[in-house]
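S.K.: I am attaching a structure below and will ask some questions about it afterwards.
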Amino acid sequence: MNKFKTIIIIFMTTGNLIFAQEQTEKAKYGWQKELTGGLNLTQNKFDNWVQGGENSFAWQLNINFKFIEEQEKTTWATSGKMTYGNTKTGDQEARKSIDEIKLESVFTYKLGSVINPYISVNGETQFAPGYAYAAGAKTQISAFLDPGFLRESLGLTYKVNEIVQTRGGLSFKQTVTSDYPIPYTDDPQTPDDIELTRFEAGAESVTDVSWKINQTTLLTSKLELFTAFTAFDEIDVNWDNVLSAKIAKYFTMNFNFKLLYDKDISAKRQINQAFSFGLTYSFL
């Protein structure tokens with residue numbers, strides 16, 4: 001009888017352990033969802049200020065999301081970054097200070113724990129028209145999907161550790177315009193024609209860094225490299241870095257540094273940096 005009881009206890013204990021393990025395995029799979037929004041405001045007001053100065057008001061809206069479906073053999077990660085802001089100084093009309101839409105979706109099939117095949121698609125454009133201001137003149141130079149950048153890729157992804165992940169492979173890049181083909185899509189070698197699209201096949205490398213420095217500070221960095229097969233010695237660079245520090249429950253300080261280099265668009269590198277402090281709220 002005692003032997004029988006012992007067998008029953010062992011059976012029940014083993015069953016509980018297996019059930020707990022199954023619950024843990026199930027917890028690793030499914031959807032992980034993140035959606036955050038931030039609003040930053042800056043205002044300066046002068047009244048009879050003898051030391052001089054101009055009234056100014058600036059605002060910036062940030063929305064970031066990441067949806068990840070984790071399964072035993074696949075991972076599907078979709079992320080997006082949307083930023084828009086305006087600045088008004090003195091009697092000048094409000095001018096756009098920052099404007100970006102960037103979406104990415106990566107599907108990975110798990111063959112091993114470190115190196116796995118992937119396919120991806122991403123796109124980048126802006127919300128509102130962009131203008132150049134020179135000698136008191138205002139000239140529109142860009143608009144929504146004008147230009148627009150699309151890229152489809154396939155290759156292998158390598159998970160270095162929990163902080164760094166990189167991938168590389170074959171990539172197809174399209175640049176589309178409608179009213180502003182110069183300098184984005186028009187080929188200077190064909191002066192009699194104006195091209196509104198540019199197609200490039202080449203190789204890509206994308207490295208993502210997500211480093212939680214401490215409980216309140218996070219550094220995210222994405223380095224995207226693309227080189228066309230027709231110009232293998234020229235590398236397009238898109239390097240986006242965001243350092244976020246949580247000051248209080250709903251207040252965050254952000255520093256964003258972005259570097260672009262594409263010889264087809266500009267012979268010099270392009271830099272955009274922004275420092276902001278404001279309200280941040282997590283919806284998911």
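Chain labels A, B, ... are given in the sequence in which chains occur in the structure tokens; within each chain residues are numbered consecutively from 1, and ligands are likewise numbered from 1 in the order shown.
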Quick one: everything within 10 Å of stretch 142-152 of chain A, counting only C-alpha atoms, minus sequence neighbours fewer than 5 positions away in the same chain. Send it as JSON, numbers by chain.

M.R.: {"A": [100, 101, 102, 103, 104, 105, 106, 119, 120, 121, 122, 123, 124, 125, 126, 127, 128, 129, 130, 131, 132, 170, 171, 172, 173, 174, 175, 176, 177, 178, 179, 180, 181, 182, 183, 184, 185, 196, 197, 198, 199, 200, 201, 204, 226]}

S.K.: Do a neighbour search on A:Thr227 at 8 Å with only C-alpha atoms, toss out local chain neighbours closer than 5 positions, and write the hits as a list of chain:residue names.

M.R.: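 Once the adjacent positions are removed, what remains is A:Gly202, A:Ala203, A:Glu204, A:Phe232, A:Asp233, A:Glu234, A:Ile235, A:Asp236.
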
S.K.: Could you please take those selected residues and save N, CA and C atoms as a short mmCIF file (atom, residue, chain, number, x, y, z; two decimals), in the first residue's frame?

M.R.:
```cif
data_model
loop_
_atom_site.label_atom_id
_atom_site.label_comp_id
_atom_site.auth_asym_id
_atom_site.auth_seq_id
_atom_site.Cartn_x
_atom_site.Cartn_y
_atom_site.Cartn_z
N GLY A 202 20.86 44.87 -54.71
CA GLY A 202 22.15 44.89 -54.05
C GLY A 202 22.16 44.04 -52.80
N ALA A 203 23.05 44.38 -51.89
CA ALA A 203 23.20 43.66 -50.63
C ALA A 203 22.94 44.62 -49.48
N GLU A 204 22.33 44.09 -48.42
CA GLU A 204 22.04 44.91 -47.25
C GLU A 204 22.64 44.30 -45.99
N PHE A 232 29.27 48.76 -56.40
CA PHE A 232 29.56 48.01 -55.18
C PHE A 232 30.52 48.75 -54.23
N ASP A 233 31.21 49.77 -54.75
CA ASP A 233 32.13 50.52 -53.91
C ASP A 233 31.45 51.69 -53.20
N GLU A 234 30.14 51.89 -53.46
CA GLU A 234 29.40 52.97 -52.82
C GLU A 234 28.38 52.36 -51.85
N ILE A 235 28.40 52.81 -50.61
CA ILE A 235 27.53 52.25 -49.57
C ILE A 235 26.58 53.33 -49.07
N ASP A 236 25.29 53.04 -49.14
CA ASP A 236 24.29 53.93 -48.56
C ASP A 236 24.19 53.63 -47.06
#
```

S.K.: Extract, using only C-alpha atoms, all DNA, RNA and protein residues at most 12 Å from A:Lys258, discarding same-chain residues fewer than 5 positions from it, and format them as an NGL selection string.

M.R.: :A and (98 or 100 or 220-224 or 237-243 or 269-275)

S.K.: In Å, rounded to a single decimal, give me how far atom CA of A:Gln32 is from atom CA of A:Phe283.

M.R.: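 We find that atom CA of A:Phe283 and atom CA of A:Gln32 lie 13.0 Å from each other.
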
S.K.: Find the residues near A:Leu219: any atom within 12 Å, counting only C-alpha atoms, skip ones fewer than 4 places away on the same chain, and give them as a list in words.

M.R.: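 The contact residues come out as Ile163, Val164, Asp208, Val209, Ser210, Trp211, Lys212, Ile213, Asn214, Gln215, Asp240, Asn241, Val242, Leu243, Ser244, Ala245, Lys246, Met253, Asn254, Phe255, Asn256 and Phe257 of chain A.
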
S.K.: Let me see the file: selected residues, C-alpha atoms, as a CSV table (one decimal), in the first residue's frame.

M.R.:
```csv
chain,number,residue,atom,x,y,z
A,163,ILE,CA,21.4,43.3,-26.9
A,164,VAL,CA,22.7,43.1,-30.5
A,208,ASP,CA,19.9,46.5,-34.3
A,209,VAL,CA,21.0,47.4,-30.8
A,210,SER,CA,18.6,47.6,-27.8
A,211,TRP,CA,20.7,48.3,-24.7
A,212,LYS,CA,18.9,48.9,-21.3
A,213,ILE,CA,21.7,50.8,-19.6
A,214,ASN,CA,19.7,50.9,-16.3
A,215,GLN,CA,16.1,50.8,-15.1
A,240,ASP,CA,19.4,56.1,-36.4
A,241,ASN,CA,20.1,56.4,-32.6
A,242,VAL,CA,17.8,57.2,-29.8
A,243,LEU,CA,18.8,57.6,-26.1
A,244,SER,CA,15.7,57.7,-23.8
A,245,ALA,CA,15.9,58.5,-20.1
A,246,LYS,CA,12.8,58.3,-18.0
A,253,MET,CA,14.1,62.9,-22.1
A,254,ASN,CA,15.1,61.8,-25.6
A,255,PHE,CA,18.2,62.5,-27.7
A,256,ASN,CA,17.9,61.4,-31.4
A,257,PHE,CA,20.9,61.4,-33.7
```

S.K.: Give me the residues near A:Tyr281 as number ranges by chain, where near means some atom within 7 Å (using only C-alpha atoms) and where sequence neighbours in that chain fewer than 5 positions away do not count.

M.R.: A: 36-38, 250

S.K.: Closest to A:Leu41 among A:Gly168, A:Gly85, A:Pro117, A:Pro188, using only C-alpha atoms?

M.R.: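 Counting only C-alpha atoms, the residue closest to A:Leu41 is A:Gly85.
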
S.K.: Would you kindly return, as a ChimeraX atom specification, each protein, DNA or RNA residue with an atom no farther than 6 Å from any atom of A:Tyr84, considering only C-alpha atoms and excluding same-chain residues fewer than 6 positions away?

M.R.: /A:60-61,98-99

S.K.: Extract, using only C-alpha atoms, all DNA, RNA and protein residues at most 7 Å from A:Tyr158, discarding same-chain residues fewer than 3 positions from it, and format them as a ChimeraX atom specification.

M.R.: /A:114-116,165-167

S.K.: Let me make sure I understand: among A:Leu39, A:Ala134, A:Ile141, A:Leu225, which one has the smallest atom-to-atom distance to A:Gly169 if we use only C-alpha atoms?

M.R.: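 When distances to A:Gly169 are compared using only C-alpha atoms, the smallest one comes from A:Leu225.
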
S.K.: So the first atom is atom CA of A:Asn64 and the second is atom CA of A:Lys81; what is the distance between them in Å, to one decimal place?

M.R.: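 Atom CA of A:Lys81 lies 4.7 Å from atom CA of A:Asn64.
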
S.K.: Quick one: distance from atom CA of A:Asp193 to atom CA of A:Phe229 in Å, one decimal?

M.R.: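 Computing it gives 23.4 Å between the two atoms.
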
S.K.: Report the residues of stretch 21-202 of chain A whose backbone DSSP state falls under alpha helix (DSSP H), written as a PyMOL selection string.

M.R.: chain A and resi 21-28

S.K.: Keeping C-alpha atoms for every residue in the selection just given, could you write it to a file as a PDB file, in the first residue's frame?

M.R.:
```pdb
ATOM      1  CA  GLN A  21       6.870  23.435 -17.957  1.00  0.00           C
ATOM      2  CA  GLU A  22       4.156  23.479 -20.634  1.00  0.00           C
ATOM      3  CA  GLN A  23       2.714  26.644 -19.107  1.00  0.00           C
ATOM      4  CA  THR A  24       6.170  28.260 -19.182  1.00  0.00           C
ATOM      5  CA  GLU A  25       6.687  27.233 -22.812  1.00  0.00           C
ATOM      6  CA  LYS A  26       3.286  28.608 -23.774  1.00  0.00           C
ATOM      7  CA  ALA A  27       4.067  31.876 -22.004  1.00  0.00           C
ATOM      8  CA  LYS A  28       7.039  32.394 -24.340  1.00  0.00           C
TER       9      LYS A  28
END
```
